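Have a look at the structure below, then the notes.
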Amino acid sequence: MATPMWGFVFFIFEPFLTFWHHKMLQTYLFPAPVLGSAISPRSPEDGYFHYKVISMVMVAVGVYARLMKHEEAALACLAVDPAILLIVVGILMFLLTFCGCIGSLRENICLLQTFSLCLTVVFLLQLAAGVLGFVFSDKVRGKVSEIINNAIVHYRDDLDLQNLIDFGQKEFSCCGGISYKDWSLNMYFNCSEDNPSRERCSVPYSCCLPTPNQAVINTMCGQGMQALDYLEASKVIYTNGCIDRLVNWIHSNLFVLGGVALGLAIPQLVGILLSMILVSQIKDQIKLQLYNQQHRADPWY
């Protein structure tokens with residue numbers, strides 16, 4: 001089961017889910033008066049039900065993927081394990097949508113303020129991560145290199161991790177972190193003389209250059225490639241590291257990444273604004289009701 005893809009699925013659909021949530025807030029914010037007045041005939045619980053289902057599915061998939069992993073591999077890759085990411089994101093998504101939906105439907109100021117505060121914190125964390133990543137780009141590059149090297153070490157320990165690395169190397173036309181010789185970090189591909197593995201001094205098949213009209217994938221195409229120099233190896237495999245390829249991809253897609261970041265930020269800001277407006281309207285209605293109660297005995301009222 002390719003659990004890393006589920007993490008990408010969430011980040012792709014999260015802006016749309018958040019936007020739908022804010023549209024629901026907007027639907028019940030303006031047409032219907034607050035505090036005890038009639039609400040739209042369409043049941044709001046139907047909208048919230050979808051969020052509960054999505055959150056529970058994410059948590060269930062994360063727990064299942066976590067239990068299916070080998071314990072050693074899971075502990076080795078705990079910091080970047082997509083299963084853990086799914087569980088945490090699913091729980092947070094459930095709690096956040098609970099506060100927003102129930103707070104808007106029940107006109108609960110505490111839940112609405114919690115929803116607004118959580119969205120504000122998420123937005124500020126995303127903004128801080130982007131700024132820090134730009135300012136400390138060298139440290140980010142070093143951390144990415146460390147993660148990739150750690151993934152290379154555990155390449156054969158986790159099938160999901162193996163599929164993710166193969167996908168990345170084929171997608172970015174690269175091999176290893178800095179170069180194809182980084183695969184010596186893996187005990188199966190190590191070039192030491194005492195390595196009994198049949199894959200000694202080799203690289204994974206995902207490093208190999210594509211062969212036109214190839215009906216069957218040659219999984220042994222990277223055999224002995226680490227023993228060759230750069231020019232000889234470049235005729236068979238990708239010799240450039242994935243870190244440089246990733247940096248070049250980011251530089252060439254800055255406008256796309258900026259659009260994605262904007263698409264994530266706008267729904268969050270809209271949600272913060274709508275929840276604050278609703279809180280303000282509820283407080284105004286409370287003040288109006290208190291005023292009416294105090295002056296109910298006034299004959300001139």
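We name chains A, B, ... following the order of the structure tokens; residues begin at 1 in each chain, and ligands are numbered from 1 as shown.
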
Taking only C-alpha atoms into account, produce a table as a Markdown table in which each residue of range 191-262 of chain A with an atom at most 7 Å from an atom of range 180-186 of chain A appears once, together with its shortest atom pair and the distance in Å to one decimal, ordered by chain and rising number.
```
| residue | atom | partner | partner_atom | distance |
| --- | --- | --- | --- | --- |
| A:Cys191 | CA | A:Ser184 | CA | 6.1 |
| A:Cys201 | CA | A:Ser184 | CA | 6.9 |
| A:Val203 | CA | A:Trp183 | CA | 6.3 |
| A:Gln226 | CA | A:Lys181 | CA | 5.7 |
| A:Thr239 | CA | A:Tyr180 | CA | 5.3 |
| A:Asn240 | CA | A:Tyr180 | CA | 6.8 |
| A:Gly241 | CA | A:Tyr180 | CA | 6.5 |
```

Residues as selected, N, CA, C and O atoms, written as a PDB file, in the first residue's frame, can you do that?
```pdb
ATOM      1  N   CYS A 191      29.911  -0.876  -1.665  1.00  0.00           N
ATOM      2  CA  CYS A 191      30.968  -1.383  -2.535  1.00  0.00           C
ATOM      3  C   CYS A 191      32.114  -2.069  -1.782  1.00  0.00           C
ATOM      4  O   CYS A 191      33.125  -2.415  -2.404  1.00  0.00           O
ATOM      5  N   CYS A 201      27.779  -2.725  -5.047  1.00  0.00           N
ATOM      6  CA  CYS A 201      28.256  -1.667  -5.943  1.00  0.00           C
ATOM      7  C   CYS A 201      27.249  -1.337  -7.050  1.00  0.00           C
ATOM      8  O   CYS A 201      27.638  -0.804  -8.104  1.00  0.00           O
ATOM      9  N   VAL A 203      23.121   0.205  -8.161  1.00  0.00           N
ATOM     10  CA  VAL A 203      22.139   1.237  -7.845  1.00  0.00           C
ATOM     11  C   VAL A 203      20.761   0.680  -8.203  1.00  0.00           C
ATOM     12  O   VAL A 203      20.661  -0.252  -9.013  1.00  0.00           O
ATOM     13  N   GLN A 226      28.294   1.719  -9.582  1.00  0.00           N
ATOM     14  CA  GLN A 226      29.116   2.542  -8.701  1.00  0.00           C
ATOM     15  C   GLN A 226      30.610   2.330  -8.948  1.00  0.00           C
ATOM     16  O   GLN A 226      31.429   3.192  -8.597  1.00  0.00           O
ATOM     17  N   THR A 239      23.345  10.251 -13.267  1.00  0.00           N
ATOM     18  CA  THR A 239      24.464  10.427 -12.343  1.00  0.00           C
ATOM     19  C   THR A 239      24.290  11.640 -11.440  1.00  0.00           C
ATOM     20  O   THR A 239      24.986  11.761 -10.432  1.00  0.00           O
ATOM     21  N   ASN A 240      23.404  12.547 -11.776  1.00  0.00           N
ATOM     22  CA  ASN A 240      23.168  13.730 -10.954  1.00  0.00           C
ATOM     23  C   ASN A 240      22.333  13.375  -9.725  1.00  0.00           C
ATOM     24  O   ASN A 240      21.428  12.536  -9.800  1.00  0.00           O
ATOM     25  N   GLY A 241      22.647  14.033  -8.610  1.00  0.00           N
ATOM     26  CA  GLY A 241      21.907  13.785  -7.371  1.00  0.00           C
ATOM     27  C   GLY A 241      20.532  14.423  -7.371  1.00  0.00           C
ATOM     28  O   GLY A 241      20.258  15.380  -8.114  1.00  0.00           O
TER      29      GLY A 241
END
```

Checklist line | Non-local contacts of Glu171 in chain A (10 Å; only C-alpha atoms; under 6 positions in same chain excluded) as a VMD selection string | finding: chain A and resid 165 206 242

Next item on the list: Pick out the closest residue to Ala265 in chain A from this set: A:Asn190, A:Thr120, A:Gln162, A:Ser179. Count only C-alpha atoms.
Entry: A:Thr120

Note to self: I need the residues of range 151-295 of chain A that end up classed as alpha helix (DSSP H) by DSSP on the backbone, written out as a PyMOL selection string.
What the structure shows: chain A and resi 151-153+159-172+230-233+242-252+254-294

Check: What lies within 8 Å of Ser275 in chain A using only C-alpha atoms, ignoring chain neighbours under 2 positions off, as number ranges by chain?
Finding: A: 25, 100, 104, 112-113, 115-116, 271-273, 277-279

Note to self: When you look at Thr219 in chain A with a cut-off of 12 Å (counting only C-alpha atoms), what residues show up, excluding the ones that are within fewer than 5 positions of it in the same chain? I need them as a PyMOL selection string.
What the structure shows: chain A and resi 166+199+202-210

Go ahead and dump the residues you just picked, all heavy atoms, as a compact mmCIF listing (two decimals), in the first residue's frame.
```
# COMPACT_ATOMS: atom_id res chain seq x y z
N ASP A 166 11.96 5.35 -5.51
CA ASP A 166 11.97 5.00 -6.94
C ASP A 166 11.15 6.00 -7.75
O ASP A 166 11.55 6.41 -8.85
CB ASP A 166 11.42 3.59 -7.13
CG ASP A 166 12.39 2.53 -6.64
OD1 ASP A 166 13.60 2.80 -6.61
OD2 ASP A 166 11.93 1.42 -6.30
N GLU A 199 23.73 -7.29 -5.01
CA GLU A 199 23.58 -5.92 -5.49
C GLU A 199 24.78 -5.05 -5.11
O GLU A 199 24.71 -3.83 -5.16
CB GLU A 199 22.30 -5.30 -4.91
CG GLU A 199 21.03 -6.00 -5.35
CD GLU A 199 19.79 -5.41 -4.71
OE1 GLU A 199 19.78 -5.25 -3.47
OE2 GLU A 199 18.84 -5.11 -5.45
N SER A 202 25.97 -1.63 -6.82
CA SER A 202 24.94 -1.34 -7.81
C SER A 202 24.10 -0.15 -7.37
O SER A 202 24.34 0.46 -6.32
CB SER A 202 24.05 -2.58 -8.01
OG SER A 202 24.81 -3.68 -8.42
N VAL A 203 23.12 0.21 -8.16
CA VAL A 203 22.14 1.24 -7.84
C VAL A 203 20.76 0.68 -8.20
O VAL A 203 20.66 -0.25 -9.01
CB VAL A 203 22.40 2.54 -8.62
CG1 VAL A 203 23.72 3.18 -8.20
CG2 VAL A 203 22.38 2.31 -10.13
N PRO A 204 19.68 1.21 -7.63
CA PRO A 204 18.34 0.72 -7.98
C PRO A 204 18.00 0.94 -9.46
O PRO A 204 18.58 1.81 -10.12
CB PRO A 204 17.42 1.56 -7.08
CG PRO A 204 18.29 2.02 -5.96
CD PRO A 204 19.65 2.20 -6.54
N TYR A 205 17.07 0.17 -9.94
CA TYR A 205 16.69 0.25 -11.35
C TYR A 205 16.10 1.60 -11.71
O TYR A 205 16.11 2.01 -12.88
CB TYR A 205 15.69 -0.86 -11.69
CG TYR A 205 14.29 -0.58 -11.22
CD1 TYR A 205 13.35 -0.02 -12.07
CD2 TYR A 205 13.89 -0.87 -9.91
CE1 TYR A 205 12.06 0.25 -11.65
CE2 TYR A 205 12.61 -0.62 -9.49
CZ TYR A 205 11.69 -0.05 -10.35
OH TYR A 205 10.43 0.21 -9.91
N SER A 206 15.57 2.33 -10.71
CA SER A 206 14.98 3.64 -10.97
C SER A 206 16.02 4.68 -11.35
O SER A 206 15.67 5.76 -11.82
CB SER A 206 14.20 4.12 -9.75
OG SER A 206 15.01 4.13 -8.58
N CYS A 207 17.31 4.36 -11.17
CA CYS A 207 18.38 5.27 -11.59
C CYS A 207 18.70 5.12 -13.07
O CYS A 207 19.40 5.96 -13.64
CB CYS A 207 19.66 4.99 -10.79
SG CYS A 207 19.59 5.49 -9.04
N CYS A 208 18.23 4.06 -13.70
CA CYS A 208 18.62 3.76 -15.07
C CYS A 208 17.92 4.67 -16.07
O CYS A 208 16.77 5.07 -15.86
CB CYS A 208 18.30 2.30 -15.40
SG CYS A 208 19.24 1.11 -14.39
N LEU A 209 18.63 4.98 -17.15
CA LEU A 209 18.04 5.76 -18.23
C LEU A 209 16.93 4.95 -18.90
O LEU A 209 17.06 3.73 -19.06
CB LEU A 209 19.10 6.12 -19.26
CG LEU A 209 20.26 7.01 -18.78
CD1 LEU A 209 21.30 7.16 -19.87
CD2 LEU A 209 19.74 8.37 -18.34
N PRO A 210 15.83 5.59 -19.27
CA PRO A 210 14.72 4.85 -19.90
C PRO A 210 15.13 4.30 -21.26
O PRO A 210 15.82 4.95 -22.03
CB PRO A 210 13.62 5.89 -20.03
CG PRO A 210 14.33 7.21 -20.02
CD PRO A 210 15.53 7.03 -19.15
```

Checklist line | Within 12 Å of Arg141 in chain A using only C-alpha atoms, minus same-chain residues under 3 positions, as a PyMOL selection string | finding: chain A and resi 133-138+144-148+177-178+242-244+246-247

Same residues, N, CA and C atoms, saved as a tab-separated table (two decimals), in the first residue's frame:
```tsv
chain	number	residue	atom	x	y	z
A	133	GLY	N	12.41	28.89	5.77
A	133	GLY	CA	12.97	28.06	4.71
A	133	GLY	C	13.73	28.89	3.69
A	134	PHE	N	13.25	30.12	3.43
A	134	PHE	CA	13.94	30.99	2.47
A	134	PHE	C	15.20	31.59	3.09
A	135	VAL	N	15.11	32.03	4.34
A	135	VAL	CA	16.26	32.67	4.99
A	135	VAL	C	17.37	31.67	5.27
A	136	PHE	N	16.98	30.49	5.79
A	136	PHE	CA	17.97	29.47	6.14
A	136	PHE	C	17.97	28.35	5.09
A	137	SER	N	18.09	28.75	3.83
A	137	SER	CA	18.03	27.76	2.75
A	137	SER	C	19.17	26.75	2.82
A	138	ASP	N	20.34	27.17	3.28
A	138	ASP	CA	21.47	26.25	3.39
A	138	ASP	C	21.20	25.17	4.42
A	144	VAL	N	17.48	18.34	4.22
A	144	VAL	CA	16.95	17.50	3.15
A	144	VAL	C	17.95	16.42	2.76
A	145	SER	N	19.22	16.80	2.70
A	145	SER	CA	20.28	15.83	2.39
A	145	SER	C	20.34	14.73	3.45
A	146	GLU	N	20.19	15.13	4.71
A	146	GLU	CA	20.20	14.15	5.79
A	146	GLU	C	19.02	13.19	5.69
A	147	ILE	N	17.85	13.72	5.35
A	147	ILE	CA	16.66	12.87	5.22
A	147	ILE	C	16.82	11.89	4.05
A	148	ILE	N	17.34	12.40	2.93
A	148	ILE	CA	17.52	11.52	1.76
A	148	ILE	C	18.54	10.43	2.06
A	177	GLY	N	21.53	11.17	-3.36
A	177	GLY	CA	21.36	12.52	-2.84
A	177	GLY	C	22.21	13.53	-3.59
A	178	ILE	N	23.53	13.39	-3.47
A	178	ILE	CA	24.46	14.25	-4.18
A	178	ILE	C	24.86	13.65	-5.51
A	242	CYS	N	19.66	13.91	-6.53
A	242	CYS	CA	18.27	14.39	-6.49
A	242	CYS	C	18.14	15.74	-5.80
A	243	ILE	N	19.09	16.10	-4.94
A	243	ILE	CA	18.98	17.38	-4.23
A	243	ILE	C	19.10	18.53	-5.22
A	244	ASP	N	20.12	18.47	-6.09
A	244	ASP	CA	20.28	19.53	-7.10
A	244	ASP	C	19.09	19.58	-8.05
A	246	LEU	N	16.04	18.71	-7.35
A	246	LEU	CA	14.90	19.25	-6.62
A	246	LEU	C	15.00	20.76	-6.51
A	247	VAL	N	16.22	21.27	-6.23
A	247	VAL	CA	16.41	22.73	-6.13
A	247	VAL	C	16.13	23.39	-7.48
```
